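Pasted below: structure-v1.csv, CSV, C-alpha atoms.
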chain,number,residue,atom,x,y,z
A,143,MET,CA,79.7,104.2,75.3
A,144,ILE,CA,83.3,103.3,75.7
A,145,ARG,CA,83.9,106.4,77.8
A,146,GLN,CA,81.0,105.5,80.1
A,147,PHE,CA,82.3,102.0,80.4
A,148,CYS,CA,85.8,103.2,81.3
A,149,ALA,CA,84.4,105.7,83.8
A,150,ALA,CA,82.5,102.9,85.5
A,151,LEU,CA,85.4,100.7,85.5
A,152,CYS,CA,87.7,103.4,87.0
A,153,LEU,CA,85.3,103.9,89.8
A,154,ALA,CA,85.2,100.2,90.5
A,155,LEU,CA,89.0,100.0,90.4
A,156,LEU,CA,89.4,102.9,92.8
A,157,SER,CA,87.2,101.1,95.3
A,158,VAL,CA,89.7,98.2,95.4
A,159,LEU,CA,92.9,100.3,95.8
A,160,PRO,CA,94.6,100.1,99.2
A,161,ALA,CA,92.3,101.9,101.7
A,162,ARG,CA,94.8,104.3,103.1
A,163,ALA,CA,93.6,107.9,103.4
A,164,ALA,CA,95.0,110.6,101.2
A,165,ALA,CA,97.8,112.8,102.6
A,166,THR,CA,95.6,115.9,102.6
A,167,ASP,CA,93.0,114.1,104.8
A,168,ILE,CA,95.4,113.4,107.6
A,169,ILE,CA,98.2,115.9,107.6
A,170,PRO,CA,97.2,119.3,109.1
A,171,ALA,CA,98.1,122.4,107.1
A,172,ALA,CA,100.3,123.6,110.0
A,173,ALA,CA,102.5,120.6,109.5
A,174,LEU,CA,103.2,121.3,105.9
A,175,ILE,CA,106.4,122.8,104.6
A,176,GLN,CA,106.8,124.3,101.1
A,177,PRO,CA,109.7,123.2,98.9
A,178,ALA,CA,111.2,126.7,98.8
A,179,ASP,CA,111.3,126.8,102.6
A,180,LEU,CA,112.9,123.4,103.0
A,181,ALA,CA,115.5,124.4,100.4
A,182,GLY,CA,116.3,127.4,102.5
A,183,GLU,CA,116.6,125.2,105.7
A,184,LEU,CA,119.0,122.9,103.9
A,185,LYS,CA,121.5,125.8,103.8
A,186,SER,CA,121.2,126.8,107.5
A,187,ALA,CA,119.7,124.1,109.8
A,188,PRO,CA,118.8,121.0,107.8
A,189,PRO,CA,116.2,118.8,109.5
A,190,ILE,CA,116.2,115.1,109.4
A,191,ILE,CA,114.6,114.2,106.1
A,192,LEU,CA,112.9,110.9,105.4
A,193,GLN,CA,111.8,109.8,101.9
A,194,VAL,CA,108.7,107.7,102.1
A,195,GLY,CA,108.2,107.1,98.4
A,196,PHE,CA,109.3,104.4,96.0
A,197,SER,CA,112.9,103.3,95.8
A,198,LYS,CA,113.3,104.0,92.0
A,199,LEU,CA,112.4,107.6,92.7
A,200,TYR,CA,115.0,107.9,95.5
A,201,GLU,CA,117.7,106.3,93.4
A,202,GLN,CA,117.1,108.7,90.6
A,203,ALA,CA,117.1,111.8,92.7
A,204,HIS,CA,116.6,112.7,96.3
A,205,ILE,CA,117.1,115.6,98.7
A,206,PRO,CA,120.7,115.8,100.0
A,207,GLY,CA,120.9,114.0,103.3
A,208,ALA,CA,117.5,112.3,102.9
A,209,ILE,CA,117.2,108.8,104.3
A,210,TYR,CA,115.3,106.2,102.3
A,211,ALA,CA,112.6,105.0,104.7
A,212,GLY,CA,110.4,103.0,102.5
A,213,PRO,CA,106.9,103.6,101.0
A,214,GLY,CA,104.3,104.5,103.7
A,215,ARG,CA,101.6,102.7,101.7
A,216,SER,CA,102.9,99.2,102.7
A,217,ASP,CA,103.4,97.4,105.9
A,218,GLU,CA,107.0,96.8,105.0
A,219,GLY,CA,107.6,100.4,104.2
A,220,LEU,CA,106.1,101.5,107.5
A,221,ALA,CA,108.1,99.0,109.4
A,222,SER,CA,111.2,100.4,107.7
A,223,LEU,CA,110.2,103.9,108.6
A,224,LYS,CA,109.7,103.0,112.2
A,225,ALA,CA,113.0,101.3,112.4
A,226,GLN,CA,114.8,104.3,110.9
A,227,ALA,CA,112.9,106.7,113.3
A,228,GLU,CA,113.1,104.5,116.4
A,229,LYS,CA,116.7,105.7,117.2
A,230,LEU,CA,115.9,109.4,116.9
A,231,PRO,CA,114.9,111.7,119.8
A,232,ARG,CA,111.2,112.3,119.8
A,233,ASP,CA,111.7,116.1,119.6
A,234,ALA,CA,113.9,115.8,116.5
A,235,ALA,CA,112.9,118.0,113.6
A,236,LEU,CA,111.7,115.6,111.0
A,237,VAL,CA,110.5,116.2,107.4
A,238,ILE,CA,108.9,113.5,105.4
A,239,TYR,CA,108.5,113.7,101.7
A,240,CYS,CA,107.4,111.6,98.7
A,241,GLY,CA,106.5,113.2,95.4
A,242,CYS,CA,105.5,110.0,93.7
A,243,CYS,CA,102.2,111.4,92.4
A,244,PRO,CA,100.0,114.4,92.9
A,245,TRP,CA,99.6,115.4,96.6
A,246,ASN,CA,96.0,114.3,97.0
A,247,ARG,CA,96.7,111.0,95.3
A,248,CYS,CA,99.8,110.1,97.3
A,249,PRO,CA,99.4,106.7,99.0
A,250,ASN,CA,102.5,107.2,101.3
A,251,MET,CA,102.5,110.5,103.1
A,252,GLY,CA,99.4,110.2,105.3
A,253,ALA,CA,100.3,106.8,106.6
A,254,ALA,CA,103.9,107.8,107.3
A,255,TYR,CA,102.9,111.0,109.1
A,256,THR,CA,100.5,109.1,111.3
A,257,ALA,CA,103.1,106.5,112.1
A,258,LEU,CA,105.6,109.1,113.2
A,259,LYS,CA,103.1,111.0,115.3
A,260,THR,CA,101.9,107.7,116.9
A,261,MET,CA,105.6,107.0,117.8
A,262,GLY,CA,105.5,110.3,119.7
A,263,PHE,CA,107.5,112.6,117.4
A,264,THR,CA,106.5,116.2,118.1
A,265,LYS,CA,108.1,118.0,115.2
A,266,VAL,CA,107.0,116.2,112.1
A,267,ARG,CA,106.5,118.2,109.0
A,268,ALA,CA,105.5,117.1,105.5
A,269,LEU,CA,107.0,118.5,102.4
A,270,TYR,CA,104.1,119.7,100.2
A,271,ILE,CA,104.7,118.5,96.7
A,272,ALA,CA,101.7,119.5,94.6
A,273,GLU,CA,102.4,117.4,91.5
A,274,ASN,CA,105.6,115.3,91.8
A,275,PHE,CA,109.2,115.5,92.9
A,276,GLY,CA,110.4,116.2,89.4
A,277,GLN,CA,108.3,119.2,88.8
A,278,ASP,CA,108.1,120.7,92.3
A,279,TRP,CA,111.7,120.1,93.4
A,280,VAL,CA,114.1,119.0,90.7
A,281,ASP,CA,112.8,121.3,88.0
A,282,LYS,CA,112.8,124.2,90.4
A,283,GLY,CA,116.6,123.9,90.7
A,284,TYR,CA,116.7,122.8,94.3
A,285,PRO,CA,119.5,120.4,95.2
A,286,VAL,CA,119.4,116.7,94.6
A,287,VAL,CA,121.7,113.8,94.8
A,288,ARG,CA,121.5,110.5,93.1
A,289,GLY,CA,122.1,106.9,94.2
A,290,GLN,CA,121.0,104.5,96.9
B,78,MET,CA,111.9,126.7,84.2
B,79,ALA,CA,115.3,126.1,85.8
B,80,SER,CA,117.3,123.1,84.8
B,81,ALA,CA,117.7,120.3,87.3
B,82,VAL,CA,120.6,120.7,89.7
B,83,ALA,CA,122.3,117.5,90.6
B,84,LEU,CA,124.9,117.2,93.4
B,85,ASP,CA,126.7,114.3,94.7
B,86,ALA,CA,126.8,113.4,98.4
B,87,ARG,CA,129.5,116.1,99.1
B,88,GLY,CA,127.5,118.8,97.3
B,89,ARG,CA,129.6,118.7,94.1
B,90,ALA,CA,127.9,119.0,90.8
B,91,PHE,CA,126.9,115.7,89.5
B,92,ALA,CA,127.5,115.6,85.7
B,93,ALA,CA,125.4,112.6,84.8
B,94,ALA,CA,121.9,114.1,85.4
B,95,PRO,CA,119.6,112.7,82.7
B,96,LYS,CA,118.8,114.9,79.8
B,97,LYS,CA,115.2,115.8,79.6
B,98,LEU,CA,113.3,114.7,76.6
B,99,LYS,CA,111.2,117.1,74.6
B,100,PRO,CA,108.8,116.8,71.7
B,101,GLY,CA,110.6,116.4,68.5
B,102,MET,CA,113.4,114.3,70.0
B,103,ALA,CA,113.7,110.6,69.1
B,104,ALA,CA,112.2,108.2,71.6
B,105,PRO,CA,115.0,106.3,73.3
B,106,SER,CA,115.1,102.7,72.1
B,107,PHE,CA,115.2,99.8,74.5
B,108,ILE,CA,114.9,96.0,74.6
B,109,ARG,CA,113.4,94.4,77.6
B,110,THR,CA,111.6,91.3,78.6
B,111,GLY,CA,107.9,91.8,79.0
B,112,LEU,CA,105.9,90.6,82.0
B,113,ASP,CA,104.7,87.8,79.7
B,114,GLY,CA,108.2,86.7,79.1
B,115,LYS,CA,108.3,87.9,75.5
B,116,PRO,CA,110.9,90.4,74.3
B,117,VAL,CA,109.9,94.0,73.8
B,118,ASP,CA,112.1,95.8,71.4
B,119,LEU,CA,111.0,99.4,70.8
B,120,SER,CA,112.7,99.6,67.5
B,121,ARG,CA,110.4,96.9,66.1
B,122,TYR,CA,107.5,99.2,66.5
B,123,LYS,CA,108.8,101.8,64.0
B,124,GLY,CA,106.0,103.0,61.8
B,125,LYS,CA,103.5,102.7,64.6
B,126,VAL,CA,102.2,105.4,66.9
B,127,LEU,CA,103.5,104.5,70.4
B,128,LEU,CA,101.9,105.5,73.6
B,129,ILE,CA,104.4,104.8,76.3
B,130,ASP,CA,103.0,104.7,79.9
B,131,PHE,CA,105.2,104.8,83.0
B,132,TRP,CA,103.0,103.6,85.8
B,133,ALA,CA,102.9,101.6,89.1
B,134,SER,CA,100.4,99.4,90.7
B,135,TRP,CA,100.0,101.7,93.7
B,136,CYS,CA,99.6,104.9,91.7
B,137,ALA,CA,95.9,105.8,91.6
B,138,PRO,CA,96.0,108.1,88.6
B,139,CYS,CA,97.9,105.4,86.7
B,140,ILE,CA,95.3,102.8,87.5
B,141,ILE,CA,92.5,105.1,86.4
B,142,ALA,CA,94.2,105.7,83.1
B,143,ILE,CA,94.9,102.1,82.1
B,144,PRO,CA,91.4,101.0,81.1
B,145,HIS,CA,91.4,103.9,78.6
B,146,PHE,CA,94.8,102.7,77.2
B,147,ARG,CA,93.4,99.2,77.0
B,148,ALA,CA,90.3,100.4,75.1
B,149,TRP,CA,92.4,102.4,72.7
B,150,GLN,CA,94.7,99.5,72.0
B,151,GLY,CA,91.7,97.3,71.2
B,152,GLN,CA,90.0,100.0,69.1
B,153,TRP,CA,93.0,101.5,67.2
B,154,GLY,CA,95.6,98.7,67.3
B,155,GLU,CA,94.9,97.8,63.6
B,156,ARG,CA,95.3,101.5,62.7
B,157,GLY,CA,98.8,101.4,64.1
B,158,LEU,CA,98.6,102.3,67.7
B,159,GLN,CA,100.8,100.4,70.1
B,160,VAL,CA,100.6,101.0,73.8
B,161,ILE,CA,103.6,100.0,75.9
B,162,GLY,CA,103.5,100.0,79.7
B,163,ILE,CA,106.7,100.5,81.8
B,164,SER,CA,106.1,99.6,85.4
B,165,MET,CA,108.1,101.4,88.1
B,166,ASP,CA,106.9,99.0,90.8
B,167,ASP,CA,109.7,97.5,92.9
B,168,ALA,CA,108.4,94.0,92.4
B,169,ALA,CA,107.4,92.5,89.1
B,170,SER,CA,104.9,90.4,90.9
B,171,ASP,CA,102.9,93.6,91.9
B,172,ALA,CA,103.0,94.8,88.3
B,173,ARG,CA,102.0,91.4,86.9
B,174,ALA,CA,99.1,91.1,89.3
B,175,ALA,CA,97.8,94.6,88.5
B,176,ALA,CA,98.2,94.0,84.8
B,177,ALA,CA,96.2,90.8,85.1
B,178,ARG,CA,93.5,92.5,87.2
B,179,LEU,CA,93.2,95.3,84.7
B,180,LYS,CA,93.2,92.9,81.7
B,181,VAL,CA,96.0,94.8,80.1
B,182,ASN,CA,96.2,93.9,76.4
B,183,TYR,CA,99.6,95.5,75.5
B,184,PRO,CA,103.2,94.7,76.4
B,185,VAL,CA,104.4,95.8,79.9
B,186,VAL,CA,108.0,95.8,80.9
B,187,MET,CA,109.7,96.6,84.2
B,188,GLY,CA,111.3,99.9,84.5
B,189,ASP,CA,114.5,100.8,86.4
B,190,VAL,CA,116.7,103.7,87.0
B,191,LYS,CA,118.6,103.1,83.8
B,192,LEU,CA,115.5,103.2,81.7
B,193,ALA,CA,114.1,106.1,83.6
B,194,ASP,CA,117.4,108.0,82.9
B,195,GLN,CA,117.1,107.2,79.2
B,196,TYR,CA,113.6,108.9,79.3
B,197,GLY,CA,114.9,112.0,81.1
B,198,GLY,CA,114.1,110.9,84.6
B,199,ILE,CA,110.8,109.5,85.9
B,200,LEU,CA,110.4,111.6,89.0
B,201,GLY,CA,106.8,111.1,89.6
B,202,LEU,CA,103.9,109.1,88.1
B,203,PRO,CA,102.2,108.7,85.8
B,204,VAL,CA,104.2,109.8,82.8
B,205,GLU,CA,102.8,109.2,79.3
B,206,MET,CA,104.7,109.8,76.1
B,207,LEU,CA,103.2,109.8,72.6
B,208,VAL,CA,105.6,108.9,69.8
B,209,GLY,CA,104.8,109.4,66.1
B,210,ARG,CA,105.3,106.9,63.3
B,211,ASP,CA,108.7,108.5,62.6
B,212,GLY,CA,109.9,107.6,66.1
B,213,ARG,CA,109.9,111.2,67.3
B,214,ILE,CA,108.2,112.3,70.5
B,215,ILE,CA,104.9,114.2,69.9
B,216,ALA,CA,103.9,114.9,73.5
B,217,ILE,CA,104.8,114.2,77.1
B,218,TRP,CA,102.3,114.3,79.9
B,219,GLN,CA,103.4,114.2,83.6
B,220,GLY,CA,100.9,113.7,86.4
B,221,GLU,CA,97.2,113.2,86.3
B,222,THR,CA,96.1,114.1,82.7
B,223,PRO,CA,92.5,114.0,81.4
B,224,PRO,CA,92.2,111.0,79.2
B,225,GLU,CA,90.5,113.2,76.6
B,226,THR,CA,93.7,115.2,76.2
B,227,ILE,CA,95.7,112.1,75.5
B,228,GLU,CA,93.0,110.6,73.3
B,229,LYS,CA,92.8,113.8,71.1
B,230,ALA,CA,96.6,113.6,70.5
B,231,VAL,CA,96.5,109.9,69.8
B,232,ARG,CA,93.7,110.4,67.2
B,233,ALA,CA,95.7,113.2,65.6
B,234,ALA,CA,98.8,111.0,65.4
B,235,LEU,CA,97.0,108.1,63.9
B,236,GLY,CA,95.7,110.5,61.2

Any chance you could put this one into structure tokens?
Amino acid sequence: MIRQFCAALCLALLSVLPARAAATDIIPAAALIQPADLAGELKSAPPIILQVGFSKLYEQAHIPGAIYAGPGRSDEGLASLKAQAEKLPRDAALVIYCGCCPWNRCPNMGAAYTALKTMGFTKVRALYIAENFGQDWVDKGYPVVRGQ
Amino acid sequence: MASAVALDARGRAFAAAPKKLKPGMAAPSFIRTGLDGKPVDLSRYKGKVLLIDFWASWCAPCIIAIPHFRAWQGQWGERGLQVIGISMDDAASDARAAAARLKVNYPVVMGDVKLADQYGGILGLPVEMLVGRDGRIIAIWQGETPPETIEKAVRAALG
């Protein structure tokens, strides 16, 4: 009985969450980059990396060189992302990443990807983080830095 | 599994990467002010089974899990279960609004980098941690976890 109630409540709650599409719905497979591949690029030709997740994640650990752009789920975050990207050439190699939650639950990546494509960026890739930044990047031994 | 590599901005090893917590270790103590203004001192819950939930208002798996935690708190509170929420929202107002909407019936505090470090780094949400009556960690779950999995462990810890 309690489980049925909880399940019904969960469905109701999901319906009132911000109505941004999941990352996997918007970002084409061809635009994805795997963590191992990005880690390799960091050693040779690092792209411009934008973190579009939550600030407390960025402060704990982020990819070296990554710019904190703000969460793609919010209007403020998207405005911050656009302000960061505005000064970049439209053919710049960009990689966005989040890792706040499992990929198909991420509220940030889809909106951030769409915003950059709408601005005219032609080389936008999205770091595919299946579970979260800790498990799929940090625990794999890929480089991170701390701080704001 | 490789250990985390932390470098500073110049690529040098960063010595202060948080130590990962594992089952069997003592749950780090903390004192914070709850969203309701009341102090939350983890050490005062010794002897209880603690379910510590790192969450955020924008995290769908977190929001899905909270009604279960609320139900368990109501059902098993008298048997010694205490759920404690730690919000990783940027703004306390977001956490407060979500907690009110979800009718959370347990203490919620705001998390920050310091607290996250104490708990081994919260590098993705949700994270749930079950702590036994002896203050030692029984289990840690990262990411979307079936409620049945957590419930089974909570029942076992309550005895």

Shell of 7 Å around Gly220 of chain B, all atoms listed in the file, local chain residues under 6 positions omitted, as a short mmCIF file (atom, residue, chain, number, x, y, z; two decimals) with C-alpha atoms, in the frame of the given file:
data_model
loop_
_atom_site.label_atom_id
_atom_site.label_comp_id
_atom_site.auth_asym_id
_atom_site.auth_seq_id
_atom_site.Cartn_x
_atom_site.Cartn_y
_atom_site.Cartn_z
CA CYS A 243 102.20 111.40 92.40
CA PRO A 244 100.00 114.40 92.90
CA GLU A 273 102.40 117.40 91.50
CA LEU B 202 103.90 109.10 88.10
CA PRO B 203 102.20 108.70 85.80
CA VAL B 204 104.20 109.80 82.80
#

**Item:** Neighbours of chain B in chain A at 7 Å, counting all atoms listed in the file, as a PyMOL selection string
**Value:** chain A and resi 148+152+198-199+201-202+206+241-244+247+273-276+280-288

**Request:** Counting only C-alpha atoms, figure out which residue out of B:Ser170, B:Val231, B:Gly197, B:Tyr183 gets nearest to Ala203 of chain A.
**Result:** B:Gly197

**Message:** From the options A:Trp279, A:Val266, A:Gly195, A:Leu184, which residue's atoms come nearest to Ala171 of chain A, counting all atoms listed in the file?
**Reply:** A:Val266

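With distances taken over all atoms listed in the file, B:Ser164 is the one residue among B:Gln195, B:Ser164, B:Thr226, B:Gln159 lying closest to Gly111 of chain B.
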
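By chain and then residue number, the residues within 8 Å of Leu128 of chain B are Val126, Asp130, Leu158, Gln159, Val160, Ile161, Glu205, Met206, Leu207, Val208 and Val231 of chain B, counting all atoms listed in the file and disregarding those fewer than 2 positions away in sequence.
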
**Message:** Please list as a PyMOL selection string every residue within 9 Å of Ala169 of chain B, counting all atoms listed in the file and excluding residues in the same chain fewer than 6 positions away.
**Reply:** chain B and resi 112+186-187

**Request:** Please provide the set of residues having any atom within 8 Å of Val117 of chain B, restricted to all atoms listed in the file, with same-chain residues fewer than 3 positions apart removed, written as a ChimeraX atom specification.
**Result:** /B:107-111,184,186

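Across the model, the gap from atom CA of Ile227 of chain B to atom CA of Trp132 of chain B is 15.2 Å.
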
**Item:** Separation of atom CA of Leu223 of chain A from atom CA of Ile169 of chain A in Å
**Value:**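 Going from atom CA of Ile169 of chain A over to atom CA of Leu223 of chain A covers 17.0 Å.
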
Would you kindly place N, CA and C atoms on segment 163-184 of chain A and return the model as a compact mmCIF listing (two decimals), keeping the file's coordinate frame?
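Output below, filename out.txt:
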# COMPACT_ATOMS: atom_id res chain seq x y z
N ALA A 163 94.17 106.59 103.73
CA ALA A 163 93.60 107.90 103.40
C ALA A 163 94.65 108.74 102.67
N ALA A 164 94.14 109.70 101.90
CA ALA A 164 95.00 110.60 101.20
C ALA A 164 95.76 111.49 102.14
N ALA A 165 96.93 111.95 101.70
CA ALA A 165 97.80 112.80 102.60
C ALA A 165 97.03 113.98 103.08
N THR A 166 96.29 114.61 102.22
CA THR A 166 95.60 115.90 102.60
C THR A 166 94.54 115.62 103.66
N ASP A 167 94.08 114.41 103.79
CA ASP A 167 93.00 114.10 104.80
C ASP A 167 93.61 114.07 106.20
N ILE A 168 94.84 113.71 106.33
CA ILE A 168 95.40 113.40 107.60
C ILE A 168 96.37 114.49 108.13
N ILE A 169 97.13 115.03 107.23
CA ILE A 169 98.20 115.90 107.60
C ILE A 169 97.65 117.37 107.77
N PRO A 170 97.76 117.96 108.95
CA PRO A 170 97.20 119.30 109.10
C PRO A 170 98.06 120.34 108.34
N ALA A 171 97.40 121.39 107.94
CA ALA A 171 98.10 122.40 107.10
C ALA A 171 99.29 122.99 107.90
N ALA A 172 99.19 123.06 109.21
CA ALA A 172 100.30 123.60 110.00
C ALA A 172 101.54 122.77 109.94
N ALA A 173 101.38 121.52 109.55
CA ALA A 173 102.50 120.60 109.50
C ALA A 173 103.19 120.59 108.12
N LEU A 174 102.66 121.36 107.21
CA LEU A 174 103.20 121.30 105.90
C LEU A 174 104.39 122.32 105.73
N ILE A 175 105.35 121.94 104.94
CA ILE A 175 106.40 122.80 104.60
C ILE A 175 106.55 122.89 103.09
N GLN A 176 106.73 124.07 102.57
CA GLN A 176 106.80 124.30 101.10
C GLN A 176 108.24 123.97 100.64
N PRO A 177 108.38 123.55 99.40
CA PRO A 177 109.70 123.20 98.90
C PRO A 177 110.72 124.40 99.02
N ALA A 178 110.31 125.60 98.74
CA ALA A 178 111.20 126.70 98.80
C ALA A 178 111.75 126.90 100.27
N ASP A 179 110.85 126.67 101.22
CA ASP A 179 111.30 126.80 102.60
C ASP A 179 112.22 125.73 103.06
N LEU A 180 111.96 124.51 102.61
CA LEU A 180 112.90 123.40 103.00
C LEU A 180 114.24 123.64 102.29
N ALA A 181 114.21 124.09 101.04
CA ALA A 181 115.50 124.40 100.40
C ALA A 181 116.28 125.40 101.14
N GLY A 182 115.59 126.37 101.73
CA GLY A 182 116.30 127.40 102.50
C GLY A 182 116.86 126.77 103.81
N GLU A 183 116.10 125.89 104.43
CA GLU A 183 116.60 125.20 105.70
C GLU A 183 117.78 124.37 105.40
N LEU A 184 117.87 123.80 104.21
CA LEU A 184 119.00 122.90 103.90
C LEU A 184 120.33 123.72 103.99
